[in-house]
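Below: one structure, written as structure tokens.
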Amino acid sequence: MMTANIAVRPSTPSEASQLAEIYVETWRTTYAGMLPDNVLLRMSVDQQTRRWRGYLDRPGARETVLTAEAVGQGAIGFGSAGPARRTGPQVGEVYTLYVLPDWQGQGAGRELMEALFSHLRTADFTEALIWVVAANPSRFFYEAMGGQRTVERIEPLWGVELAEIGYRWDLV
Ligand SMILES: CC(C)(COP(=O)(O)OP(=O)(O)OC[C@H]1O[C@@H](n2cnc3c(N)ncnc32)[C@H](O)[C@@H]1OP(=O)(O)O)[C@@H](O)C(=O)NCCC(=O)NCCS
């Protein structure tokens, strides 16, 4: 899978710290003003490295993690997907999708999403679901990618009531 100089491939346990750096940087830039400051301040690359290494070290894990790599630059984004957490067995979910701010708008998000959908299709899921914080302008990316806005929910997280929108895609 290639867009210009971006390629998507399965993530490896040895790059857990790079994924953790991407995660922390994109959370802080994306969710400033949407999530409490102390949640964003408390996040650490060490803690996220342990978390992502935990997923990547588990053979046969239900969660698949893919890295977007720019030639000569290493990892610039990543995403993960698996069974949807609160719906029927035929529904897959993209749990995470993050591209470093400097690399946004250059096709990496599309490449990652198409690769995650292709993985879900191979695993026999017939629909894909993504939850996005309603105030996150990235929801327009999901609309550009053909997602149907289907459901809304309020998640009580870190002492705030977070409005989220669920987008769905047919995979068949
Ligand atoms: C959302 C995100 C993953 C998209 O990845 P990206 O690499 O920036 O997006 P792409 O360059 O692949 O864009 C694909 C298409 O979506 C459109 N698009 C991307 N971001 C958009 C936005 N904020 N508003 C409207 N359209 C957008 C692009 O114009 C492009 O359309 P085109 O192919 O017709 O030109 C990335 O911007 C990101 O990591 N954002 C911050 C973290 C985040 O919010 N993640 C989602 C959590 S649920």
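Naming works like this for the structure tokens: A, B, ... for the chains as they're shown, residue 1 at the start of each chain, ligands 1 onward in shown order.
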Contact table chain A vs ligand 1, cut-off 10 Å, shortest pair per residue, only C-alpha atoms and all ligand atoms, as CSV:
```
residue,atom,partner,partner_atom_place_in_ligand_line,distance
A:Thr3,CA,ligand 1,12 (O),9.2
A:Ile22,CA,ligand 1,39 (O),9.1
A:Tyr23,CA,ligand 1,42 (C),8.6
A:Glu25,CA,ligand 1,42 (C),9.3
A:Thr26,CA,ligand 1,42 (C),5.5
A:Trp27,CA,ligand 1,42 (C),6.7
A:Arg28,CA,ligand 1,42 (C),9.3
A:Thr29,CA,ligand 1,41 (C),7.6
A:Thr30,CA,ligand 1,41 (C),5.4
A:Tyr31,CA,ligand 1,44 (O),7.8
A:Ala68,CA,ligand 1,7 (O),9.6
A:Ile76,CA,ligand 1,7 (O),9.5
A:Gly77,CA,ligand 1,39 (O),7.3
A:Phe78,CA,ligand 1,3 (C),8.6
A:Gly79,CA,ligand 1,3 (C),8.4
A:Val94,CA,ligand 1,48 (S),8.5
A:Tyr95,CA,ligand 1,48 (S),7.7
A:Thr96,CA,ligand 1,47 (C),6.2
A:Leu97,CA,ligand 1,45 (N),5.1
A:Tyr98,CA,ligand 1,39 (O),3.6
A:Val99,CA,ligand 1,39 (O),3.7
A:Leu100,CA,ligand 1,39 (O),6.1
A:Pro101,CA,ligand 1,39 (O),6.9
A:Asp102,CA,ligand 1,8 (O),9.1
A:Trp103,CA,ligand 1,7 (O),6.5
A:Gln104,CA,ligand 1,8 (O),3.4
A:Gly105,CA,ligand 1,11 (O),3.2
A:Gln106,CA,ligand 1,11 (O),4.0
A:Gly107,CA,ligand 1,12 (O),3.2
A:Ala108,CA,ligand 1,7 (O),4.0
A:Gly109,CA,ligand 1,5 (O),3.3
A:Arg110,CA,ligand 1,12 (O),3.7
A:Glu111,CA,ligand 1,12 (O),6.4
A:Leu112,CA,ligand 1,12 (O),7.9
A:Met113,CA,ligand 1,3 (C),8.3
A:Glu114,CA,ligand 1,12 (O),9.7
A:Ile130,CA,ligand 1,48 (S),6.9
A:Trp131,CA,ligand 1,48 (S),6.1
A:Val132,CA,ligand 1,48 (S),4.3
A:Val133,CA,ligand 1,48 (S),6.7
A:Ala134,CA,ligand 1,48 (S),9.5
A:Ala135,CA,ligand 1,44 (O),9.8
A:Asn136,CA,ligand 1,44 (O),6.1
A:Pro137,CA,ligand 1,23 (N),5.1
A:Ser138,CA,ligand 1,23 (N),4.3
A:Arg139,CA,ligand 1,23 (N),6.7
A:Phe140,CA,ligand 1,24 (N),4.2
A:Phe141,CA,ligand 1,27 (C),3.8
A:Tyr142,CA,ligand 1,16 (O),7.0
A:Glu143,CA,ligand 1,26 (N),7.4
A:Ala144,CA,ligand 1,16 (O),5.0
A:Met145,CA,ligand 1,16 (O),6.1
A:Gly146,CA,ligand 1,16 (O),9.5
A:Glu164,CA,ligand 1,48 (S),9.4
A:Ile165,CA,ligand 1,48 (S),9.5
A:Gly166,CA,ligand 1,48 (S),9.7
```
Residues of the last selection are to be written out with C-alpha atoms, as a PDB file, in the first residue's frame.
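Contents of the output file selection.pdb:
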```
ATOM      1  CA  THR A   3       0.592   6.927  -1.275  1.00  0.00           C
ATOM      2  CA  ILE A  22       2.821   9.653  18.039  1.00  0.00           C
ATOM      3  CA  TYR A  23      -0.050   8.867  20.412  1.00  0.00           C
ATOM      4  CA  GLU A  25       1.753  14.168  20.555  1.00  0.00           C
ATOM      5  CA  THR A  26      -1.483  13.754  18.586  1.00  0.00           C
ATOM      6  CA  TRP A  27      -3.613  13.498  21.741  1.00  0.00           C
ATOM      7  CA  ARG A  28      -2.128  16.731  23.089  1.00  0.00           C
ATOM      8  CA  THR A  29      -2.562  18.644  19.832  1.00  0.00           C
ATOM      9  CA  THR A  30      -5.984  17.199  18.984  1.00  0.00           C
ATOM     10  CA  TYR A  31      -7.728  17.147  22.351  1.00  0.00           C
ATOM     11  CA  ALA A  68       2.220   4.274   8.388  1.00  0.00           C
ATOM     12  CA  ILE A  76       4.473   8.914  11.098  1.00  0.00           C
ATOM     13  CA  GLY A  77       1.103   7.460  12.069  1.00  0.00           C
ATOM     14  CA  PHE A  78      -0.653   4.321  13.197  1.00  0.00           C
ATOM     15  CA  GLY A  79      -4.058   2.789  13.695  1.00  0.00           C
ATOM     16  CA  VAL A  94     -11.278   1.105  14.277  1.00  0.00           C
ATOM     17  CA  TYR A  95     -10.123   1.843  17.818  1.00  0.00           C
ATOM     18  CA  THR A  96      -7.327   4.317  17.104  1.00  0.00           C
ATOM     19  CA  LEU A  97      -6.108   6.351  14.128  1.00  0.00           C
ATOM     20  CA  TYR A  98      -3.395   8.948  14.594  1.00  0.00           C
ATOM     21  CA  VAL A  99      -1.133  10.769  12.148  1.00  0.00           C
ATOM     22  CA  LEU A 100       1.567  13.175  13.382  1.00  0.00           C
ATOM     23  CA  PRO A 101       0.484  16.818  12.918  1.00  0.00           C
ATOM     24  CA  ASP A 102       3.282  17.550  10.410  1.00  0.00           C
ATOM     25  CA  TRP A 103       2.106  14.638   8.248  1.00  0.00           C
ATOM     26  CA  GLN A 104      -1.629  15.228   8.335  1.00  0.00           C
ATOM     27  CA  GLY A 105      -3.373  15.941   5.038  1.00  0.00           C
ATOM     28  CA  GLN A 106      -0.920  13.906   2.958  1.00  0.00           C
ATOM     29  CA  GLY A 107      -2.863  10.682   2.554  1.00  0.00           C
ATOM     30  CA  ALA A 108      -1.549   8.637   5.504  1.00  0.00           C
ATOM     31  CA  GLY A 109      -4.938   8.593   7.285  1.00  0.00           C
ATOM     32  CA  ARG A 110      -6.689   7.296   4.157  1.00  0.00           C
ATOM     33  CA  GLU A 111      -4.004   4.617   3.634  1.00  0.00           C
ATOM     34  CA  LEU A 112      -4.272   3.485   7.250  1.00  0.00           C
ATOM     35  CA  MET A 113      -8.064   3.368   7.184  1.00  0.00           C
ATOM     36  CA  GLU A 114      -8.203   1.416   3.943  1.00  0.00           C
ATOM     37  CA  ILE A 130     -15.548   4.418  14.441  1.00  0.00           C
ATOM     38  CA  TRP A 131     -16.318   6.588  17.452  1.00  0.00           C
ATOM     39  CA  VAL A 132     -15.095  10.172  17.345  1.00  0.00           C
ATOM     40  CA  VAL A 133     -15.378  12.971  19.890  1.00  0.00           C
ATOM     41  CA  ALA A 134     -18.132  15.215  18.476  1.00  0.00           C
ATOM     42  CA  ALA A 135     -15.999  18.358  18.899  1.00  0.00           C
ATOM     43  CA  ASN A 136     -13.060  16.813  16.998  1.00  0.00           C
ATOM     44  CA  PRO A 137     -12.840  18.300  13.483  1.00  0.00           C
ATOM     45  CA  SER A 138     -11.387  14.954  12.360  1.00  0.00           C
ATOM     46  CA  ARG A 139     -14.965  13.796  12.053  1.00  0.00           C
ATOM     47  CA  PHE A 140     -14.994  15.607   8.699  1.00  0.00           C
ATOM     48  CA  PHE A 141     -12.234  13.236   7.625  1.00  0.00           C
ATOM     49  CA  TYR A 142     -14.588  10.305   8.350  1.00  0.00           C
ATOM     50  CA  GLU A 143     -17.304  12.031   6.358  1.00  0.00           C
ATOM     51  CA  ALA A 144     -14.841  12.534   3.472  1.00  0.00           C
ATOM     52  CA  MET A 145     -14.080   8.813   3.730  1.00  0.00           C
ATOM     53  CA  GLY A 146     -17.753   7.935   3.190  1.00  0.00           C
ATOM     54  CA  GLU A 164     -19.211  11.121  20.708  1.00  0.00           C
ATOM     55  CA  ILE A 165     -20.474  10.328  17.213  1.00  0.00           C
ATOM     56  CA  GLY A 166     -20.392   6.835  15.701  1.00  0.00           C
TER      57      GLY A 166
END
```
(message) Give me the residues near A:Val45 as number ranges by chain, where near means some atom within 10 Å (using only C-alpha atoms) and where sequence neighbours in that chain fewer than 4 positions away do not count.
(response) A: 16-25, 49-51
Give me a file of those residues, with all heavy atoms, as a short mmCIF file (atom, residue, chain, number, x, y, z; two decimals), in the first residue's frame.
```cif
data_model
loop_
_atom_site.label_atom_id
_atom_site.label_comp_id
_atom_site.auth_asym_id
_atom_site.auth_seq_id
_atom_site.Cartn_x
_atom_site.Cartn_y
_atom_site.Cartn_z
N ALA A 16 7.20 0.14 19.61
CA ALA A 16 6.17 0.59 20.56
C ALA A 16 6.44 2.02 21.03
O ALA A 16 5.51 2.82 21.18
CB ALA A 16 6.12 -0.36 21.76
N SER A 17 7.71 2.38 21.25
CA SER A 17 7.98 3.74 21.77
C SER A 17 7.70 4.80 20.70
O SER A 17 7.26 5.90 21.02
CB SER A 17 9.41 3.85 22.30
OG SER A 17 10.30 3.70 21.24
N GLN A 18 7.90 4.46 19.42
CA GLN A 18 7.57 5.44 18.37
C GLN A 18 6.06 5.64 18.29
O GLN A 18 5.58 6.76 18.11
CB GLN A 18 8.06 4.94 17.01
CG GLN A 18 9.58 4.95 16.86
CD GLN A 18 9.99 4.18 15.62
OE1 GLN A 18 9.63 4.53 14.52
NE2 GLN A 18 10.72 3.10 15.82
N LEU A 19 5.31 4.53 18.42
CA LEU A 19 3.84 4.67 18.39
C LEU A 19 3.38 5.48 19.60
O LEU A 19 2.48 6.33 19.49
CB LEU A 19 3.16 3.29 18.39
CG LEU A 19 3.55 2.32 17.27
CD1 LEU A 19 2.55 1.16 17.20
CD2 LEU A 19 3.63 3.00 15.91
N ALA A 20 4.03 5.25 20.76
CA ALA A 20 3.67 5.98 21.97
C ALA A 20 3.92 7.48 21.78
O ALA A 20 3.11 8.32 22.21
CB ALA A 20 4.46 5.45 23.16
N GLU A 21 5.02 7.84 21.12
CA GLU A 21 5.30 9.26 20.89
C GLU A 21 4.24 9.88 19.99
O GLU A 21 3.79 11.01 20.22
CB GLU A 21 6.70 9.43 20.28
CG GLU A 21 7.76 9.37 21.34
CD GLU A 21 9.18 9.38 20.77
OE1 GLU A 21 9.37 9.91 19.66
OE2 GLU A 21 10.07 8.87 21.46
N ILE A 22 3.86 9.15 18.95
CA ILE A 22 2.82 9.65 18.04
C ILE A 22 1.51 9.83 18.81
O ILE A 22 0.82 10.84 18.69
CB ILE A 22 2.62 8.67 16.85
CG1 ILE A 22 3.87 8.63 15.98
CG2 ILE A 22 1.39 9.06 16.04
CD1 ILE A 22 3.88 7.51 14.94
N TYR A 23 1.20 8.84 19.64
CA TYR A 23 -0.05 8.87 20.41
C TYR A 23 -0.10 10.09 21.32
O TYR A 23 -1.07 10.85 21.32
CB TYR A 23 -0.15 7.57 21.22
CG TYR A 23 -1.48 7.35 21.90
CD1 TYR A 23 -2.51 6.71 21.24
CD2 TYR A 23 -1.69 7.77 23.21
CE1 TYR A 23 -3.73 6.49 21.86
CE2 TYR A 23 -2.90 7.56 23.84
CZ TYR A 23 -3.92 6.92 23.16
OH TYR A 23 -5.12 6.71 23.78
N VAL A 24 0.95 10.29 22.09
CA VAL A 24 0.95 11.39 23.06
C VAL A 24 0.92 12.74 22.32
O VAL A 24 0.15 13.65 22.68
CB VAL A 24 2.16 11.29 24.01
CG1 VAL A 24 2.28 12.53 24.89
CG2 VAL A 24 2.05 10.03 24.88
N GLU A 25 1.72 12.88 21.27
CA GLU A 25 1.75 14.17 20.55
C GLU A 25 0.40 14.47 19.90
O GLU A 25 -0.10 15.60 19.98
CB GLU A 25 2.86 14.16 19.49
CG GLU A 25 2.97 15.54 18.84
CD GLU A 25 4.15 15.70 17.90
OE1 GLU A 25 5.08 14.87 17.94
OE2 GLU A 25 4.13 16.68 17.13
N THR A 49 4.18 3.49 25.91
CA THR A 49 5.06 2.47 25.32
C THR A 49 4.72 1.11 25.90
O THR A 49 4.60 0.12 25.18
CB THR A 49 6.54 2.81 25.59
OG1 THR A 49 6.83 4.08 25.02
CG2 THR A 49 7.48 1.75 25.01
N ARG A 50 4.53 1.07 27.22
CA ARG A 50 4.18 -0.22 27.87
C ARG A 50 2.85 -0.71 27.34
O ARG A 50 2.68 -1.89 27.04
CB ARG A 50 4.11 -0.05 29.39
CG ARG A 50 5.48 0.06 30.04
CD ARG A 50 5.40 -0.11 31.55
NE ARG A 50 4.68 1.00 32.19
CZ ARG A 50 5.24 2.17 32.50
NH1 ARG A 50 6.52 2.39 32.26
NH2 ARG A 50 4.53 3.13 33.08
N ARG A 51 1.90 0.20 27.17
CA ARG A 51 0.57 -0.19 26.70
C ARG A 51 0.65 -0.80 25.28
O ARG A 51 0.14 -1.88 25.03
CB ARG A 51 -0.34 1.04 26.70
CG ARG A 51 -1.68 0.78 26.11
CD ARG A 51 -2.49 2.08 26.04
NE ARG A 51 -3.67 1.87 25.23
CZ ARG A 51 -4.33 2.85 24.63
NH1 ARG A 51 -3.95 4.09 24.76
NH2 ARG A 51 -5.39 2.59 23.90
#
```
(message) Can you tell me, as a PyMOL selection string, which residues in stretch 102-151 of chain A count as alpha helix (DSSP H) by DSSP?
(response) chain A and resi 108-122+139-144
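Atom CA of A:Ala7 sits 20.2 Å away from atom CA of A:Trp52.
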(message) Rounded to one decimal, what separation in Å do you get between atom CA of A:Leu116 and atom CA of A:Gly60?
(response) 16.3 Å
(request) Assign secondary structure with DSSP using the backbone only, and return the residues of chain A in strand (DSSP E) as JSON, numbers by chain. (result) {"A": [2, 3, 6, 7, 8, 9, 10, 64, 65, 66, 67, 68, 69, 70, 74, 75, 76, 77, 78, 79, 80, 81, 82, 83, 91, 92, 93, 94, 95, 96, 97, 98, 99, 127, 128, 129, 130, 131, 132, 133, 148, 149, 150, 151, 152, 153, 154, 155, 156, 157, 160, 161, 162, 163, 164, 165, 166, 167, 168, 169, 170]}
(message) When you count only C-alpha atoms, which of these residues is closest to A:Glu15: A:Leu66, A:Ala61, A:Leu40, A:Leu35?
(response) A:Leu66
(message) What does the structure give for the distance between atom CA of A:Ala128 and atom CA of A:Tyr167, in Å to one decimal?
(response) 8.2 Å
(request) Rank A:Val65, A:Leu41, A:Gly82, A:Trp158 by their smallest atom-to-atom distance to A:Pro10, using only C-alpha atoms, and report the top residue only. (result)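 Ranking A:Val65, A:Leu41, A:Gly82, A:Trp158 by distance to A:Pro10, first place goes to A:Val65.
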